[in-house]
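Structure, as structure tokens:
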Amino acid sequence: MHSPLQDLRFFLTKPHDCSYLGAHEATTLFMDPHTPVDHEMYSALTLMGFRRSGTHLYRPHCQECNACVSVRVPVRDFAPDRSLKRTERNNQDLTVIERPAVFNEEHYALYERYIRARHSDGEMYPPAIEQYRAFLSTAHDFSRLVEFRLEGRLLAVAAVDFLTHGLSAIYTFFEPDDAFRSRSLGSWAVIWQIRRAQALGLNHVYLGYWIHKSQKMDYKQRFKPLEYLQGHRWRRGIPVTQMQH
């Protein structure tokens with residue numbers, strides 16, 4: 001049977017510095033940016049390890065490195081540890097509002113504080129409105145910016161895509177003030193997405209790529225059980241090939 005995915009065109013970037021493993025070069029496979037992205041297509045590509053950044057759908061395609069592994073949480077089997085249970089309890093007083101993924105000045109002000117405080121050594125520093133728009137603003141109706149507020153004050157925003165079979169956690173930024181550190185807002189945003197997927201009868205929350213040697217990715221192992229994409233199959237556990245890489 002002919003699949004509409006067979007008609008898609010993809011392009012490879014030239015090798016460039018890896019954002020996560022400094023001594024490596026990376027190559028990225030992009031879907032043709034001129035191809036309209038619909039819900040079914042995007043959902044199917046997510047099953048194949050693709051991610052969305054702005055209007056682009058991509059996945060790593062490095063010749064000599066397989067460090068980036070797609071991971072997801074099977075939400076029906078989600079088993080939070082004591083720390084995650086405490087995080088969930090601590091944030092029950094937050095108000096949650098789902099909004100379209102359009103530019104919002106209040107969101108950007110929080111994003112700017114977050115990047116300057118937490119990621120001044122990253123590729124998104126210094127923050128800029130144009131970069132933010134290109135990354136998180138989209139007209140797709142499957143995308144949402146989810147607000148978490150305490151008595152009206154905006155504490156966190158999670159960019160979330162609603163797929164046919166799950167949710168895709170695109171990015172989360174939150175209040176960097178140490179007064180809110182005990183809330184573990186980044187972890188709470190993931191827990192909320194897991195609970196939201198459960199309520200919607202969806203199967204998975206996709207957490208993007210996990211890299212064994214990257215400390216920035218360690219938090220993803222906390223959400224158990226975890227499934228990873230190996231070849232064309234999703235398997236449960238921690239990739240053995242990653243531990244050897």
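By order in the structure tokens, chains are A, B, ...; within a chain, residues start at 1; ligands start at 1, following the order shown.
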- Secondary structure check, strand (DSSP E) residues of range 66-238 of chain A, as number ranges by chain: A: 69-74, 95-100, 143-150, 153-162, 166-174, 204-210, 227-230, 233-236
Enumerate, in order of chain and increasing residue number, the residues of range 31-117 of chain A with an atom no farther than 9 Å from range 17-25 of chain A, each with its shortest atom pair and distance in Å to one decimal, counting only C-alpha atoms, as CSV.
residue,atom,partner,partner_atom,distance
A:Cys62,CA,A:Glu25,CA,7.9
A:Glu64,CA,A:Glu25,CA,8.9
A:Cys65,CA,A:His24,CA,8.2
A:Ala67,CA,A:Leu21,CA,8.9
- Task: Per DSSP on the backbone, filter range 25-147 of chain A down to the residues in alpha helix (DSSP H) and report them as a PyMOL selection string.
- Result: chain A and resi 39-47+82-90+105-118+129-136
If you keep N, CA and C atoms, can you produce a file of those selected residues as a short mmCIF file (atom, residue, chain, number, x, y, z; two decimals), in the first residue's frame?
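Result written to result08.cif:
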data_model
loop_
_atom_site.label_atom_id
_atom_site.label_comp_id
_atom_site.auth_asym_id
_atom_site.auth_seq_id
_atom_site.Cartn_x
_atom_site.Cartn_y
_atom_site.Cartn_z
N HIS A 39 -1.47 17.08 10.69
CA HIS A 39 -1.47 16.36 11.95
C HIS A 39 -1.05 14.90 11.78
N GLU A 40 -1.63 14.22 10.80
CA GLU A 40 -1.35 12.80 10.60
C GLU A 40 0.12 12.57 10.21
N MET A 41 0.62 13.41 9.31
CA MET A 41 2.01 13.29 8.86
C MET A 41 2.97 13.50 10.03
N TYR A 42 2.74 14.55 10.78
CA TYR A 42 3.60 14.86 11.91
C TYR A 42 3.59 13.73 12.94
N SER A 43 2.41 13.19 13.22
CA SER A 43 2.30 12.09 14.18
C SER A 43 3.07 10.88 13.70
N ALA A 44 2.98 10.58 12.40
CA ALA A 44 3.69 9.43 11.85
C ALA A 44 5.21 9.63 11.91
N LEU A 45 5.67 10.83 11.61
CA LEU A 45 7.11 11.10 11.65
C LEU A 45 7.65 11.06 13.07
N THR A 46 6.83 11.45 14.04
CA THR A 46 7.27 11.37 15.44
C THR A 46 7.55 9.93 15.84
N LEU A 47 6.75 9.01 15.36
CA LEU A 47 6.99 7.59 15.63
C LEU A 47 8.33 7.14 15.05
N ARG A 82 9.48 8.81 44.60
CA ARG A 82 9.05 9.65 45.72
C ARG A 82 9.25 11.13 45.42
N SER A 83 10.37 11.46 44.76
CA SER A 83 10.67 12.85 44.45
C SER A 83 9.65 13.44 43.48
N LEU A 84 9.30 12.67 42.44
CA LEU A 84 8.33 13.16 41.47
C LEU A 84 6.93 13.27 42.09
N LYS A 85 6.60 12.35 42.99
CA LYS A 85 5.32 12.45 43.69
C LYS A 85 5.26 13.74 44.52
N ARG A 86 6.38 14.07 45.15
CA ARG A 86 6.43 15.31 45.94
C ARG A 86 6.30 16.52 45.03
N THR A 87 6.97 16.49 43.88
CA THR A 87 6.85 17.59 42.92
C THR A 87 5.40 17.77 42.48
N GLU A 88 4.72 16.68 42.23
CA GLU A 88 3.32 16.76 41.81
C GLU A 88 2.45 17.36 42.91
N ARG A 89 2.67 16.95 44.14
CA ARG A 89 1.90 17.51 45.27
C ARG A 89 2.18 19.00 45.44
N ASN A 90 3.45 19.37 45.30
CA ASN A 90 3.85 20.76 45.56
C ASN A 90 3.28 21.75 44.55
N GLU A 105 3.97 38.58 24.79
CA GLU A 105 5.06 39.35 25.42
C GLU A 105 5.38 38.86 26.82
N GLU A 106 4.37 38.46 27.57
CA GLU A 106 4.62 37.96 28.93
C GLU A 106 5.41 36.66 28.87
N HIS A 107 5.05 35.79 27.94
CA HIS A 107 5.81 34.55 27.76
C HIS A 107 7.27 34.86 27.41
N TYR A 108 7.46 35.77 26.48
CA TYR A 108 8.83 36.06 26.04
C TYR A 108 9.66 36.66 27.18
N ALA A 109 9.07 37.51 28.00
CA ALA A 109 9.81 38.10 29.13
C ALA A 109 10.31 37.00 30.07
N LEU A 110 9.47 35.99 30.31
CA LEU A 110 9.89 34.87 31.15
C LEU A 110 10.97 34.06 30.46
N TYR A 111 10.80 33.79 29.17
CA TYR A 111 11.79 33.06 28.38
C TYR A 111 13.14 33.76 28.43
N GLU A 112 13.15 35.07 28.28
CA GLU A 112 14.39 35.83 28.29
C GLU A 112 15.11 35.71 29.62
N ARG A 113 14.37 35.83 30.72
CA ARG A 113 14.97 35.66 32.05
C ARG A 113 15.52 34.26 32.22
N TYR A 114 14.78 33.29 31.76
CA TYR A 114 15.18 31.89 31.90
C TYR A 114 16.47 31.60 31.14
N ILE A 115 16.54 32.01 29.89
CA ILE A 115 17.74 31.75 29.08
C ILE A 115 18.95 32.46 29.68
N ARG A 116 18.79 33.69 30.09
CA ARG A 116 19.93 34.44 30.65
C ARG A 116 20.42 33.82 31.96
N ALA A 117 19.50 33.29 32.75
CA ALA A 117 19.88 32.74 34.05
C ALA A 117 20.37 31.29 33.98
N ARG A 118 19.78 30.50 33.07
CA ARG A 118 20.04 29.06 33.08
C ARG A 118 20.85 28.56 31.90
N ILE A 129 13.86 38.06 20.25
CA ILE A 129 12.45 37.86 19.90
C ILE A 129 12.32 37.06 18.61
N GLU A 130 13.14 37.38 17.61
CA GLU A 130 13.05 36.68 16.33
C GLU A 130 13.33 35.18 16.49
N GLN A 131 14.35 34.88 17.29
CA GLN A 131 14.70 33.48 17.52
C GLN A 131 13.57 32.77 18.27
N TYR A 132 12.99 33.44 19.24
CA TYR A 132 11.90 32.86 20.02
C TYR A 132 10.70 32.58 19.12
N ARG A 133 10.34 33.55 18.29
CA ARG A 133 9.20 33.36 17.37
C ARG A 133 9.43 32.17 16.45
N ALA A 134 10.63 32.09 15.89
CA ALA A 134 10.93 31.01 14.95
C ALA A 134 10.89 29.64 15.64
N PHE A 135 11.22 29.61 16.92
CA PHE A 135 11.30 28.36 17.66
C PHE A 135 9.94 27.90 18.19
N LEU A 136 9.18 28.81 18.79
CA LEU A 136 8.00 28.39 19.55
C LEU A 136 6.67 28.92 19.04
#
- Task: Considering only C-alpha atoms, return as a ChimeraX atom specification whatever protein or nucleic-acid residues lie within 8 Å of Arg72 in chain A, sequence-local ones (same chain, fewer than 4 positions apart) excluded.
- Result: /A:204-208,226-228
Would you save the residues from that selection as an mmCIF file, in the first residue's frame, using all heavy atoms?
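So the final result, stored in out.cif, reads:
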data_model
loop_
_atom_site.group_PDB
_atom_site.id
_atom_site.type_symbol
_atom_site.label_atom_id
_atom_site.label_comp_id
_atom_site.auth_asym_id
_atom_site.auth_seq_id
_atom_site.Cartn_x
_atom_site.Cartn_y
_atom_site.Cartn_z
ATOM 1 N N HIS A 204 1.479 8.030 24.826
ATOM 2 C CA HIS A 204 2.869 8.379 25.120
ATOM 3 C C HIS A 204 3.064 9.886 25.256
ATOM 4 O O HIS A 204 2.300 10.675 24.705
ATOM 5 C CB HIS A 204 3.804 7.864 24.014
ATOM 6 C CG HIS A 204 3.798 6.385 23.855
ATOM 7 N ND1 HIS A 204 3.018 5.736 22.915
ATOM 8 C CD2 HIS A 204 4.478 5.412 24.523
ATOM 9 C CE1 HIS A 204 3.211 4.434 23.019
ATOM 10 N NE2 HIS A 204 4.096 4.209 23.968
ATOM 11 N N VAL A 205 4.125 10.236 25.967
ATOM 12 C CA VAL A 205 4.671 11.593 25.946
ATOM 13 C C VAL A 205 6.091 11.480 25.416
ATOM 14 O O VAL A 205 6.925 10.756 25.986
ATOM 15 C CB VAL A 205 4.664 12.256 27.333
ATOM 16 C CG1 VAL A 205 5.471 13.561 27.311
ATOM 17 C CG2 VAL A 205 3.238 12.544 27.784
ATOM 18 N N TYR A 206 6.357 12.172 24.328
ATOM 19 C CA TYR A 206 7.663 12.124 23.670
ATOM 20 C C TYR A 206 8.557 13.214 24.253
ATOM 21 O O TYR A 206 8.190 14.392 24.263
ATOM 22 C CB TYR A 206 7.501 12.299 22.163
ATOM 23 C CG TYR A 206 6.811 11.118 21.524
ATOM 24 C CD1 TYR A 206 5.428 10.995 21.568
ATOM 25 C CD2 TYR A 206 7.551 10.106 20.917
ATOM 26 C CE1 TYR A 206 4.792 9.887 21.018
ATOM 27 C CE2 TYR A 206 6.918 9.001 20.357
ATOM 28 C CZ TYR A 206 5.540 8.895 20.417
ATOM 29 O OH TYR A 206 4.920 7.792 19.876
ATOM 30 N N LEU A 207 9.729 12.813 24.734
ATOM 31 C CA LEU A 207 10.639 13.737 25.425
ATOM 32 C C LEU A 207 11.820 14.155 24.562
ATOM 33 O O LEU A 207 12.766 14.755 25.073
ATOM 34 C CB LEU A 207 11.150 13.092 26.717
ATOM 35 C CG LEU A 207 10.084 12.736 27.756
ATOM 36 C CD1 LEU A 207 10.747 12.155 29.002
ATOM 37 C CD2 LEU A 207 9.240 13.947 28.122
ATOM 38 N N GLY A 208 11.771 13.853 23.276
ATOM 39 C CA GLY A 208 12.880 14.268 22.414
ATOM 40 C C GLY A 208 14.029 13.293 22.490
ATOM 41 O O GLY A 208 13.846 12.081 22.612
ATOM 42 N N LEU A 226 10.777 4.206 30.681
ATOM 43 C CA LEU A 226 11.175 4.968 29.510
ATOM 44 C C LEU A 226 11.313 4.006 28.332
ATOM 45 O O LEU A 226 11.794 2.879 28.489
ATOM 46 C CB LEU A 226 12.511 5.672 29.775
ATOM 47 C CG LEU A 226 12.871 6.891 28.917
ATOM 48 C CD1 LEU A 226 11.877 8.018 29.148
ATOM 49 C CD2 LEU A 226 14.283 7.362 29.232
ATOM 50 N N GLU A 227 10.877 4.448 27.175
ATOM 51 C CA GLU A 227 11.050 3.662 25.957
ATOM 52 C C GLU A 227 11.955 4.419 24.997
ATOM 53 O O GLU A 227 11.925 5.654 24.964
ATOM 54 C CB GLU A 227 9.700 3.389 25.291
ATOM 55 C CG GLU A 227 8.787 2.496 26.120
ATOM 56 C CD GLU A 227 7.449 2.248 25.461
ATOM 57 O OE1 GLU A 227 7.114 2.929 24.466
ATOM 58 O OE2 GLU A 227 6.717 1.354 25.958
ATOM 59 N N TYR A 228 12.752 3.699 24.225
ATOM 60 C CA TYR A 228 13.676 4.332 23.290
ATOM 61 C C TYR A 228 13.539 3.693 21.909
ATOM 62 O O TYR A 228 13.152 2.529 21.775
ATOM 63 C CB TYR A 228 15.116 4.229 23.790
ATOM 64 C CG TYR A 228 15.672 2.826 23.847
ATOM 65 C CD1 TYR A 228 16.426 2.303 22.791
ATOM 66 C CD2 TYR A 228 15.445 2.007 24.964
ATOM 67 C CE1 TYR A 228 16.937 1.015 22.845
ATOM 68 C CE2 TYR A 228 15.944 0.722 25.021
ATOM 69 C CZ TYR A 228 16.694 0.230 23.962
ATOM 70 O OH TYR A 228 17.193 -1.048 24.003
#
If you count only C-alpha atoms, which residues fall within 8 Å of range 7-14 of chain A, apart from same-chain ones fewer than 4 positions away, as a PDB file with N, CA and C atoms, in the first residue's frame?
ATOM      1  N   SER A   3       2.200   4.776   0.883  1.00  0.00           N
ATOM      2  CA  SER A   3       2.127   5.671   2.031  1.00  0.00           C
ATOM      3  C   SER A   3       2.433   7.089   1.594  1.00  0.00           C
ATOM      4  N   THR A  27      25.143  15.884  11.874  1.00  0.00           N
ATOM      5  CA  THR A  27      24.434  16.074  10.613  1.00  0.00           C
ATOM      6  C   THR A  27      22.949  15.876  10.897  1.00  0.00           C
ATOM      7  N   THR A  28      22.107  16.738  10.347  1.00  0.00           N
ATOM      8  CA  THR A  28      20.680  16.696  10.629  1.00  0.00           C
ATOM      9  C   THR A  28      19.886  16.437   9.353  1.00  0.00           C
ATOM     10  N   LEU A  29      18.890  15.554   9.479  1.00  0.00           N
ATOM     11  CA  LEU A  29      17.978  15.264   8.380  1.00  0.00           C
ATOM     12  C   LEU A  29      16.710  16.098   8.561  1.00  0.00           C
ATOM     13  N   PHE A  30      16.395  16.956   7.572  1.00  0.00           N
ATOM     14  CA  PHE A  30      15.225  17.820   7.631  1.00  0.00           C
ATOM     15  C   PHE A  30      14.204  17.405   6.584  1.00  0.00           C
ATOM     16  N   MET A  31      12.931  17.462   6.952  1.00  0.00           N
ATOM     17  CA  MET A  31      11.901  17.347   5.937  1.00  0.00           C
ATOM     18  C   MET A  31      11.862  18.641   5.139  1.00  0.00           C
ATOM     19  N   ASP A  32      11.562  18.544   3.864  1.00  0.00           N
ATOM     20  CA  ASP A  32      11.467  19.715   3.002  1.00  0.00           C
ATOM     21  C   ASP A  32      10.587  20.777   3.673  1.00  0.00           C
ATOM     22  N   THR A  35       7.045  21.692   2.446  1.00  0.00           N
ATOM     23  CA  THR A  35       5.939  20.745   2.521  1.00  0.00           C
ATOM     24  C   THR A  35       5.014  21.114   3.673  1.00  0.00           C
ATOM     25  N   HIS A  61      21.176  12.604  11.963  1.00  0.00           N
ATOM     26  CA  HIS A  61      21.548  11.643  10.921  1.00  0.00           C
ATOM     27  C   HIS A  61      23.083  11.636  10.799  1.00  0.00           C
TER      28      HIS A  61
END
- In Å, how far is it from CA of Arg52 in chain A to CA of Arg153 in chain A?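 One can read the CA of Arg52 in chain A to CA of Arg153 in chain A distance as 28.5 Å.
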- With only C-alpha atoms as the atoms that count, which of A:Pro127, A:Phe148, A:Met217, A:Asp121 lies nearest to Trp192 in chain A?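 Looking at the shortest contact to Trp192 in chain A, the residue is A:Phe148.
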- Message: As an exercise, work out the distance from CA of Trp188 in chain A to CA of Gln230 in chain A in Å and give it to one decimal place.
- Response: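 Computing it gives 27.7 Å between the two atoms.
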- Message: Taking only C-alpha atoms into account, name the residue in A:Pro80, A:Arg51, A:Val146, A:Gly152 that is nearest to Asp93 in chain A.
- Response: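 Using only C-alpha atoms, the shortest distance to Asp93 in chain A belongs to A:Gly152.
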